[in-house]
Every structure is written in C-alpha cells, then in structure tokens.
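Trainee: What follows is a single structure, and I will ask about it in a moment.
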Amino acid sequence: MKKIAALLCVLMLSAGLIFADEAADEYDDGYVYDVNGSGDQFLKISLFSLSPLNFKTGTLNTGAGAEIGYYRFLTKSVAVGGDVSASFNITVGRNALTMIPFTMGILWQPTFGKFEFPVSCGIGVAYQTVQNASYFPGPVLNTEAGAFFRFNEMWSFGGEGKLMVMPEWWKKDNEIVSTTKVFAGGIICARYHF
C-alpha cells in the first residue's frame with residue numbers, strides 16, 4: 001500500500017510539472033527586452049593608431065596606443081564613464097612623444113538590432129613626455145564615434161574613429177607660449193557587457 005501511495009504522489013507531481021511547463025511557454029507579459037537598459041555596464045579594451053594633424057610635415061610620425069574604459073548606462077541609450085589610454089608617436093629625431101590621457105565623459109548609443117553606434121565625448125587631463133621634458137596636467141578633449149556588432153549578450157566587437165585635442169601653455173623667455181596638438185586615429189575594440 002505504501003508503494004502505491006508513493007507512486008501516485010510521484011505521478012501527480014510529474015503531471016503538475018508537465019502542465020506548468022506548457023503554461024509557462026504560453027505566458028506573454030508584453031515586455032520588450034532592450035539590448036541595454038538603465039544600470040547596464042560595459043568594459044572596453046581598444047588598440048588604436050594615432051596620426052598628428054597639425055604638426056609640420058615629417059616632424060611626428062603616426063603612432064599607436066591602447067585604451068581601456070568603463071561606462072554605465074543611465075537610460076537604454078545614454079551612458080557615463082571614463083577612459084584611460086597610453087600612446088606614443090616617434091619624432092623625426094627618433095624620440096618618443098608619450099601621452100597618457102585620463103578622460104570622463106558621456107556616451108550616446110543608438111541601437112538597431114544587433115548593431116550599436118556609440119558616439120562619445122570626454123574631457124580630462126593628460127601626462128605628456130618627450131626628450132626628458134614632461135607636461136602635466138594638460139587638458140584633453142577626446143571624441144569617438146563608431147559601429148559595433150553585438151556578438152552575444154556579453155560581447156560586442158567593432159571599430160571607432162578618434163579625435164583628440166590637447167591645448168598646452170608654458171612659459172618661455174618670460175612669455176606665455178601656447179599650442180594645440182590635434183590627433184586622429186582608428187580604433188579596433190572589444191566590449192564586455194554586464
């Protein structure tokens with residue numbers, strides 16, 4: 001008798017699970033799931049080329065760099081965060097111009113299916129050094145725009161264009177001298193979403 005009662009209990013529980021699964025498949029709450037939402041975050045890792053735009057021809061060669069960044073979405077298309085990068089360009093005399101900018105900024109990202117198109121603008125400070133001379137803190141403005149493919153829920157891959165503007169002021173022979181360095185670059189990037 002105990003075996004029959006145990007068998008009936010198992011059958012009733014199994015039948016309940018089968019019907020519960022069918023009911024769950026038919027349930028539609030009407031909510032549309034977005035790729036990004038408020039509170040979503042991502043880390044990005046980038047490699048880029050960096051070309052000088054306003055230097056005398058031949059004085060500074062195209063260089064390279066790497067960048068890491070963190071952003072958090074406030075809405076499904078607006079995020080805030082920051083980037084840190086390190087880059088170098090070789091001068092005509094074979095010296096390296098090294099730049100390490102730290103920026104904080106805002107990102108706007110429209111999304112179409114699995115494609116994302118981020119546009120960001122950041123402002124911050126940079127450390128620069130060339131030929132035993134250093135300059136810190138120098139202001140920096142960094143803008144980037146690109147296209148990414150959302151490979152899966154956690155990863156997206158793509159490329160961006162970069163424009164970096166770095167004004168400088170220093171004292172030379174009791175006069176204030178100023179200049180503005182302008183660089184453009186191409187970026188390949190991977191982003192980890194969480």
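Chain identifiers are assigned as A, B, and so on, following the order in which chains appear in the structure tokens; residues are numbered from 1 within each chain, and ligands are numbered from 1 in order of appearance.
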Give me the residues within 6 Å of stretch 101-105 of chain A as a list in words, counting only C-alpha atoms and dropping any in the same chain fewer than 4 places off.
Mentor: Val80, Gly81, Gly82, Asp83, Val84, Ser85, Cys121, Gly122, Ile123, Gly124, Val125 and Ala126 of chain A
Trainee: If you count only C-alpha atoms, which residues fall within 6 Å of A:Ala147, apart from same-chain ones fewer than 4 positions away, as a ChimeraX atom specification?
Mentor: /A:116-117,158-159
Trainee: Any chance you could export the current selection's N, CA and C atoms as a short mmCIF file (atom, residue, chain, number, x, y, z; two decimals), in the first residue's frame?
Mentor:
data_model
loop_
_atom_site.label_atom_id
_atom_site.label_comp_id
_atom_site.auth_asym_id
_atom_site.auth_seq_id
_atom_site.Cartn_x
_atom_site.Cartn_y
_atom_site.Cartn_z
N GLU A 116 25.23 48.48 -32.85
CA GLU A 116 25.26 49.63 -31.93
C GLU A 116 26.19 50.69 -32.50
N PHE A 117 25.79 51.96 -32.37
CA PHE A 117 26.55 53.07 -32.95
C PHE A 117 26.86 54.12 -31.88
N GLY A 158 33.89 45.91 -32.63
CA GLY A 158 33.72 46.92 -33.67
C GLY A 158 34.91 47.84 -33.80
N GLY A 159 34.65 48.97 -34.45
CA GLY A 159 35.69 49.96 -34.68
C GLY A 159 35.16 51.36 -34.46
#
Trainee: Using only C-alpha atoms, can you tell me which of A:Pro139, A:Gly185, A:Gly58, A:Pro52 comes closest to A:Val92?
Mentor: A:Gly58
Trainee: Between A:Tyr192, A:Phe183, A:Trp170, A:Phe136, which has the minimum distance to A:Gly63 (counting only C-alpha atoms)?
Mentor: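 Answer, going by the shortest atom-to-atom distance: A:Phe183.
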Trainee: Quick one: everything within 10 Å of A:Tyr135, counting only C-alpha atoms, minus sequence neighbours fewer than 6 positions away in the same chain. Send it as an mmCIF file with N, CA and C atoms, in the first residue's frame.
Mentor:
data_model
loop_
_atom_site.group_PDB
_atom_site.id
_atom_site.type_symbol
_atom_site.label_atom_id
_atom_site.label_comp_id
_atom_site.auth_asym_id
_atom_site.auth_seq_id
_atom_site.Cartn_x
_atom_site.Cartn_y
_atom_site.Cartn_z
ATOM 1 N N MET A 99 51.968 59.957 -24.452
ATOM 2 C CA MET A 99 50.817 60.650 -23.870
ATOM 3 C C MET A 99 49.950 59.646 -23.107
ATOM 4 N N ALA A 126 45.972 65.050 -19.207
ATOM 5 C CA ALA A 126 46.927 64.144 -19.825
ATOM 6 C C ALA A 126 48.330 64.405 -19.302
ATOM 7 N N TYR A 127 49.088 63.332 -19.216
ATOM 8 C CA TYR A 127 50.518 63.419 -18.923
ATOM 9 C C TYR A 127 51.242 63.196 -20.241
ATOM 10 N N GLN A 128 52.172 64.103 -20.585
ATOM 11 C CA GLN A 128 52.926 64.005 -21.828
ATOM 12 C C GLN A 128 54.410 64.094 -21.526
ATOM 13 N N THR A 129 55.202 63.368 -22.290
ATOM 14 C CA THR A 129 56.647 63.454 -22.134
ATOM 15 C C THR A 129 57.324 63.248 -23.486
ATOM 16 N N GLU A 168 48.119 73.349 -24.850
ATOM 17 C CA GLU A 168 49.228 73.469 -23.899
ATOM 18 C C GLU A 168 49.616 74.933 -23.732
ATOM 19 N N TRP A 169 50.048 75.268 -22.511
ATOM 20 C CA TRP A 169 50.590 76.590 -22.216
ATOM 21 C C TRP A 169 51.849 76.404 -21.381
ATOM 22 N N TRP A 170 52.894 77.161 -21.683
ATOM 23 C CA TRP A 170 54.101 77.137 -20.879
ATOM 24 C C TRP A 170 54.820 78.466 -20.988
#
Trainee: Taking the DSSP assignment computed from this structure's backbone, write out as a PDB file with N, CA and C atoms, in the first residue's frame all residues of stretch 44-128 of chain A that belong to strand (DSSP E or B).
Mentor:
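Result file is states_23.pdb:
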ATOM      1  N   LYS A  44      35.604  48.301 -21.966  1.00  0.00           N
ATOM      2  CA  LYS A  44      36.102  48.202 -23.328  1.00  0.00           C
ATOM      3  C   LYS A  44      37.620  48.158 -23.334  1.00  0.00           C
ATOM      4  N   ILE A  45      38.147  47.405 -24.280  1.00  0.00           N
ATOM      5  CA  ILE A  45      39.587  47.268 -24.481  1.00  0.00           C
ATOM      6  C   ILE A  45      39.839  47.591 -25.941  1.00  0.00           C
ATOM      7  N   SER A  46      40.750  48.553 -26.195  1.00  0.00           N
ATOM      8  CA  SER A  46      40.959  49.031 -27.561  1.00  0.00           C
ATOM      9  C   SER A  46      42.434  49.132 -27.905  1.00  0.00           C
ATOM     10  N   LEU A  47      42.719  48.952 -29.183  1.00  0.00           N
ATOM     11  CA  LEU A  47      44.025  49.259 -29.765  1.00  0.00           C
ATOM     12  C   LEU A  47      43.777  50.276 -30.863  1.00  0.00           C
ATOM     13  N   PHE A  48      44.673  51.272 -31.006  1.00  0.00           N
ATOM     14  CA  PHE A  48      44.427  52.307 -31.999  1.00  0.00           C
ATOM     15  C   PHE A  48      45.717  52.843 -32.609  1.00  0.00           C
ATOM     16  N   SER A  49      45.546  53.431 -33.797  1.00  0.00           N
ATOM     17  CA  SER A  49      46.620  54.195 -34.426  1.00  0.00           C
ATOM     18  C   SER A  49      46.339  55.662 -34.121  1.00  0.00           C
ATOM     19  N   LEU A  50      47.379  56.494 -34.114  1.00  0.00           N
ATOM     20  CA  LEU A  50      47.209  57.904 -33.770  1.00  0.00           C
ATOM     21  C   LEU A  50      48.082  58.758 -34.685  1.00  0.00           C
ATOM     22  N   SER A  51      47.440  59.538 -35.537  1.00  0.00           N
ATOM     23  CA  SER A  51      48.150  60.365 -36.502  1.00  0.00           C
ATOM     24  C   SER A  51      48.068  61.838 -36.110  1.00  0.00           C
ATOM     25  N   PRO A  52      49.190  62.575 -36.147  1.00  0.00           N
ATOM     26  CA  PRO A  52      49.163  64.015 -35.861  1.00  0.00           C
ATOM     27  C   PRO A  52      48.544  64.766 -37.037  1.00  0.00           C
ATOM     28  N   LEU A  60      56.513  64.486 -36.873  1.00  0.00           N
ATOM     29  CA  LEU A  60      55.953  63.484 -35.962  1.00  0.00           C
ATOM     30  C   LEU A  60      55.261  62.415 -36.779  1.00  0.00           C
ATOM     31  N   GLY A  63      51.589  57.074 -34.707  1.00  0.00           N
ATOM     32  CA  GLY A  63      51.921  56.210 -33.584  1.00  0.00           C
ATOM     33  C   GLY A  63      50.815  55.217 -33.303  1.00  0.00           C
ATOM     34  N   ALA A  64      50.904  54.614 -32.126  1.00  0.00           N
ATOM     35  CA  ALA A  64      49.931  53.597 -31.724  1.00  0.00           C
ATOM     36  C   ALA A  64      49.649  53.729 -30.236  1.00  0.00           C
ATOM     37  N   GLY A  65      48.586  53.084 -29.799  1.00  0.00           N
ATOM     38  CA  GLY A  65      48.244  53.135 -28.386  1.00  0.00           C
ATOM     39  C   GLY A  65      47.220  52.085 -28.006  1.00  0.00           C
ATOM     40  N   ALA A  66      46.908  52.061 -26.731  1.00  0.00           N
ATOM     41  CA  ALA A  66      45.905  51.152 -26.173  1.00  0.00           C
ATOM     42  C   ALA A  66      45.027  51.943 -25.208  1.00  0.00           C
ATOM     43  N   GLU A  67      43.785  51.505 -25.067  1.00  0.00           N
ATOM     44  CA  GLU A  67      42.827  52.225 -24.223  1.00  0.00           C
ATOM     45  C   GLU A  67      41.947  51.227 -23.491  1.00  0.00           C
ATOM     46  N   ILE A  68      41.621  51.536 -22.230  1.00  0.00           N
ATOM     47  CA  ILE A  68      40.610  50.787 -21.501  1.00  0.00           C
ATOM     48  C   ILE A  68      39.572  51.785 -21.000  1.00  0.00           C
ATOM     49  N   GLY A  69      38.344  51.340 -20.890  1.00  0.00           N
ATOM     50  CA  GLY A  69      37.288  52.237 -20.457  1.00  0.00           C
ATOM     51  C   GLY A  69      36.187  51.495 -19.726  1.00  0.00           C
ATOM     52  N   TYR A  70      35.392  52.257 -18.997  1.00  0.00           N
ATOM     53  CA  TYR A  70      34.247  51.724 -18.255  1.00  0.00           C
ATOM     54  C   TYR A  70      33.086  52.690 -18.440  1.00  0.00           C
ATOM     55  N   TYR A  71      31.901  52.181 -18.762  1.00  0.00           N
ATOM     56  CA  TYR A  71      30.698  53.004 -18.916  1.00  0.00           C
ATOM     57  C   TYR A  71      29.507  52.319 -18.260  1.00  0.00           C
ATOM     58  N   ARG A  72      28.591  53.141 -17.742  1.00  0.00           N
ATOM     59  CA  ARG A  72      27.357  52.654 -17.108  1.00  0.00           C
ATOM     60  C   ARG A  72      26.185  53.408 -17.736  1.00  0.00           C
ATOM     61  N   PHE A  73      25.173  52.663 -18.170  1.00  0.00           N
ATOM     62  CA  PHE A  73      24.020  53.260 -18.832  1.00  0.00           C
ATOM     63  C   PHE A  73      23.072  53.897 -17.816  1.00  0.00           C
ATOM     64  N   VAL A  78      21.941  56.231 -23.218  1.00  0.00           N
ATOM     65  CA  VAL A  78      22.888  57.221 -22.680  1.00  0.00           C
ATOM     66  C   VAL A  78      23.668  56.599 -21.526  1.00  0.00           C
ATOM     67  N   ALA A  79      25.002  56.737 -21.599  1.00  0.00           N
ATOM     68  CA  ALA A  79      25.872  56.183 -20.559  1.00  0.00           C
ATOM     69  C   ALA A  79      26.918  57.217 -20.160  1.00  0.00           C
ATOM     70  N   VAL A  80      27.437  57.090 -18.945  1.00  0.00           N
ATOM     71  CA  VAL A  80      28.544  57.924 -18.470  1.00  0.00           C
ATOM     72  C   VAL A  80      29.684  57.000 -18.055  1.00  0.00           C
ATOM     73  N   GLY A  81      30.898  57.525 -18.168  1.00  0.00           N
ATOM     74  CA  GLY A  81      32.047  56.704 -17.807  1.00  0.00           C
ATOM     75  C   GLY A  81      33.346  57.414 -18.072  1.00  0.00           C
ATOM     76  N   GLY A  82      34.391  56.640 -18.238  1.00  0.00           N
ATOM     77  CA  GLY A  82      35.707  57.218 -18.453  1.00  0.00           C
ATOM     78  C   GLY A  82      36.650  56.263 -19.153  1.00  0.00           C
ATOM     79  N   ASP A  83      37.742  56.846 -19.665  1.00  0.00           N
ATOM     80  CA  ASP A  83      38.756  56.096 -20.388  1.00  0.00           C
ATOM     81  C   ASP A  83      40.137  56.506 -19.911  1.00  0.00           C
ATOM     82  N   VAL A  84      41.075  55.595 -20.004  1.00  0.00           N
ATOM     83  CA  VAL A  84      42.493  55.901 -19.818  1.00  0.00           C
ATOM     84  C   VAL A  84      43.224  55.227 -20.976  1.00  0.00           C
ATOM     85  N   SER A  85      44.140  55.966 -21.585  1.00  0.00           N
ATOM     86  CA  SER A  85      44.879  55.403 -22.709  1.00  0.00           C
ATOM     87  C   SER A  85      46.348  55.757 -22.582  1.00  0.00           C
ATOM     88  N   ALA A  86      47.153  55.047 -23.317  1.00  0.00           N
ATOM     89  CA  ALA A  86      48.585  55.322 -23.397  1.00  0.00           C
ATOM     90  C   ALA A  86      48.974  55.195 -24.856  1.00  0.00           C
ATOM     91  N   SER A  87      49.686  56.200 -25.375  1.00  0.00           N
ATOM     92  CA  SER A  87      50.069  56.173 -26.780  1.00  0.00           C
ATOM     93  C   SER A  87      51.460  56.764 -26.963  1.00  0.00           C
ATOM     94  N   PHE A  88      52.035  56.503 -28.123  1.00  0.00           N
ATOM     95  CA  PHE A  88      53.333  57.070 -28.451  1.00  0.00           C
ATOM     96  C   PHE A  88      53.380  57.403 -29.931  1.00  0.00           C
ATOM     97  N   ASN A  89      54.122  58.433 -30.261  1.00  0.00           N
ATOM     98  CA  ASN A  89      54.441  58.816 -31.633  1.00  0.00           C
ATOM     99  C   ASN A  89      55.942  59.071 -31.686  1.00  0.00           C
ATOM    100  N   ILE A  90      56.595  58.668 -32.760  1.00  0.00           N
ATOM    101  CA  ILE A  90      58.034  58.851 -32.909  1.00  0.00           C
ATOM    102  C   ILE A  90      58.300  60.149 -33.671  1.00  0.00           C
ATOM    103  N   THR A  91      59.218  60.975 -33.142  1.00  0.00           N
ATOM    104  CA  THR A  91      59.576  62.244 -33.785  1.00  0.00           C
ATOM    105  C   THR A  91      60.609  62.002 -34.876  1.00  0.00           C
ATOM    106  N   ALA A  96      60.477  59.598 -28.639  1.00  0.00           N
ATOM    107  CA  ALA A  96      59.069  59.199 -28.495  1.00  0.00           C
ATOM    108  C   ALA A  96      58.291  60.266 -27.739  1.00  0.00           C
ATOM    109  N   LEU A  97      57.199  60.731 -28.349  1.00  0.00           N
ATOM    110  CA  LEU A  97      56.215  61.558 -27.650  1.00  0.00           C
ATOM    111  C   LEU A  97      55.231  60.583 -27.020  1.00  0.00           C
ATOM    112  N   THR A  98      55.192  60.539 -25.697  1.00  0.00           N
ATOM    113  CA  THR A  98      54.317  59.626 -24.976  1.00  0.00           C
ATOM    114  C   THR A  98      53.206  60.428 -24.311  1.00  0.00           C
ATOM    115  N   MET A  99      51.968  59.957 -24.452  1.00  0.00           N
ATOM    116  CA  MET A  99      50.817  60.650 -23.870  1.00  0.00           C
ATOM    117  C   MET A  99      49.950  59.646 -23.107  1.00  0.00           C
ATOM    118  N   ILE A 100      49.518  60.046 -21.911  1.00  0.00           N
ATOM    119  CA  ILE A 100      48.632  59.214 -21.093  1.00  0.00           C
ATOM    120  C   ILE A 100      47.458  60.085 -20.638  1.00  0.00           C
ATOM    121  N   PRO A 101      46.383  60.143 -21.430  1.00  0.00           N
ATOM    122  CA  PRO A 101      45.210  60.930 -21.040  1.00  0.00           C
ATOM    123  C   PRO A 101      44.205  60.129 -20.198  1.00  0.00           C
ATOM    124  N   PHE A 102      43.614  60.812 -19.221  1.00  0.00           N
ATOM    125  CA  PHE A 102      42.521  60.283 -18.393  1.00  0.00           C
ATOM    126  C   PHE A 102      41.308  61.160 -18.685  1.00  0.00           C
ATOM    127  N   THR A 103      40.211  60.580 -19.170  1.00  0.00           N
ATOM    128  CA  THR A 103      39.028  61.376 -19.500  1.00  0.00           C
ATOM    129  C   THR A 103      37.776  60.793 -18.868  1.00  0.00           C
ATOM    130  N   MET A 104      36.832  61.657 -18.578  1.00  0.00           N
ATOM    131  CA  MET A 104      35.493  61.296 -18.113  1.00  0.00           C
ATOM    132  C   MET A 104      34.518  61.910 -19.107  1.00  0.00           C
ATOM    133  N   GLY A 105      33.446  61.162 -19.426  1.00  0.00           N
ATOM    134  CA  GLY A 105      32.543  61.711 -20.423  1.00  0.00           C
ATOM    135  C   GLY A 105      31.201  61.036 -20.495  1.00  0.00           C
ATOM    136  N   ILE A 106      30.510  61.342 -21.578  1.00  0.00           N
ATOM    137  CA  ILE A 106      29.162  60.844 -21.823  1.00  0.00           C
ATOM    138  C   ILE A 106      29.137  60.140 -23.173  1.00  0.00           C
ATOM    139  N   LEU A 107      28.314  59.109 -23.276  1.00  0.00           N
ATOM    140  CA  LEU A 107      28.200  58.313 -24.492  1.00  0.00           C
ATOM    141  C   LEU A 107      26.729  58.221 -24.870  1.00  0.00           C
ATOM    142  N   TRP A 108      26.440  58.433 -26.147  1.00  0.00           N
ATOM    143  CA  TRP A 108      25.093  58.238 -26.681  1.00  0.00           C
ATOM    144  C   TRP A 108      25.182  57.108 -27.689  1.00  0.00           C
ATOM    145  N   THR A 111      20.769  51.953 -31.109  1.00  0.00           N
ATOM    146  CA  THR A 111      20.898  50.525 -31.392  1.00  0.00           C
ATOM    147  C   THR A 111      19.860  50.118 -32.427  1.00  0.00           C
ATOM    148  N   PHE A 112      20.307  49.353 -33.436  1.00  0.00           N
ATOM    149  CA  PHE A 112      19.422  48.823 -34.472  1.00  0.00           C
ATOM    150  C   PHE A 112      19.678  47.329 -34.583  1.00  0.00           C
ATOM    151  N   PHE A 115      23.249  45.810 -34.037  1.00  0.00           N
ATOM    152  CA  PHE A 115      24.255  46.830 -34.328  1.00  0.00           C
ATOM    153  C   PHE A 115      24.097  48.024 -33.397  1.00  0.00           C
ATOM    154  N   GLU A 116      25.230  48.481 -32.846  1.00  0.00           N
ATOM    155  CA  GLU A 116      25.256  49.625 -31.926  1.00  0.00           C
ATOM    156  C   GLU A 116      26.188  50.690 -32.501  1.00  0.00           C
ATOM    157  N   VAL A 119      28.564  57.194 -29.851  1.00  0.00           N
ATOM    158  CA  VAL A 119      29.238  58.485 -30.044  1.00  0.00           C
ATOM    159  C   VAL A 119      29.548  59.003 -28.641  1.00  0.00           C
ATOM    160  N   SER A 120      30.826  59.273 -28.355  1.00  0.00           N
ATOM    161  CA  SER A 120      31.192  59.713 -27.009  1.00  0.00           C
ATOM    162  C   SER A 120      32.057  60.954 -27.059  1.00  0.00           C
ATOM    163  N   CYS A 121      32.014  61.691 -25.960  1.00  0.00           N
ATOM    164  CA  CYS A 121      32.834  62.884 -25.804  1.00  0.00           C
ATOM    165  C   CYS A 121      33.301  62.928 -24.348  1.00  0.00           C
ATOM    166  N   GLY A 122      34.605  63.107 -24.166  1.00  0.00           N
ATOM    167  CA  GLY A 122      35.165  63.131 -22.821  1.00  0.00           C
ATOM    168  C   GLY A 122      36.161  64.263 -22.647  1.00  0.00           C
ATOM    169  N   ILE A 123      36.298  64.710 -21.428  1.00  0.00           N
ATOM    170  CA  ILE A 123      37.246  65.768 -21.104  1.00  0.00           C
ATOM    171  C   ILE A 123      38.053  65.306 -19.893  1.00  0.00           C
ATOM    172  N   GLY A 124      39.318  65.707 -19.853  1.00  0.00           N
ATOM    173  CA  GLY A 124      40.156  65.269 -18.746  1.00  0.00           C
ATOM    174  C   GLY A 124      41.528  65.897 -18.773  1.00  0.00           C
ATOM    175  N   VAL A 125      42.498  65.171 -18.232  1.00  0.00           N
ATOM    176  CA  VAL A 125      43.873  65.642 -18.157  1.00  0.00           C
ATOM    177  C   VAL A 125      44.793  64.594 -18.768  1.00  0.00           C
ATOM    178  N   ALA A 126      45.972  65.050 -19.207  1.00  0.00           N
ATOM    179  CA  ALA A 126      46.927  64.144 -19.825  1.00  0.00           C
ATOM    180  C   ALA A 126      48.330  64.405 -19.302  1.00  0.00           C
ATOM    181  N   TYR A 127      49.088  63.332 -19.216  1.00  0.00           N
ATOM    182  CA  TYR A 127      50.518  63.419 -18.923  1.00  0.00           C
ATOM    183  C   TYR A 127      51.242  63.196 -20.241  1.00  0.00           C
ATOM    184  N   GLN A 128      52.172  64.103 -20.585  1.00  0.00           N
ATOM    185  CA  GLN A 128      52.926  64.005 -21.828  1.00  0.00           C
ATOM    186  C   GLN A 128      54.410  64.094 -21.526  1.00  0.00           C
TER     187      GLN A 128
END
Trainee: Ranking A:Asn174, A:Thr59, A:Gln131, A:Ser77 by minimum distance to A:Ser38 and counting only C-alpha atoms, which one comes first?
Mentor: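 Residue with the minimum atom-to-atom distance to A:Ser38: A:Ser77.
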Trainee: As a list of chain:residue names, please: every residue in stretch 2-167 of chain A that DSSP puts in alpha helix (DSSP H).
Mentor: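 Here are the alpha helix (DSSP H) residues of stretch 2-167 of chain A: A:Lys2, A:Lys3, A:Ile4, A:Ala5, A:Ala6, A:Leu7, A:Leu8, A:Cys9, A:Val10, A:Leu11, A:Met12, A:Leu13, A:Ser14, A:Ala15, A:Gly16, A:Leu17, A:Ile18, A:Phe19, A:Ala20, A:Asp21, A:Glu22, A:Ala23, A:Ala24, A:Asp25, A:Glu26.
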Trainee: So what do you get for atom CA of A:Val35 versus atom CA of A:Met164, distance-wise?
Mentor: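 One can read the atom CA of A:Val35 to atom CA of A:Met164 distance as 29.3 Å.
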Trainee: Using only C-alpha atoms for the distances, tell me which of A:Asn95, A:Ser156, A:Thr179, A:Asn36 is nearest to A:Gly138.
Mentor: A:Thr179
Trainee: From the set A:Thr180, A:Thr75, A:Gln109, A:Asn142, which residue has the shortest atom-to-atom contact distance to A:Leu53, counting only C-alpha atoms?
Mentor: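 Ranking A:Thr180, A:Thr75, A:Gln109, A:Asn142 by distance to A:Leu53, first place goes to A:Thr180.
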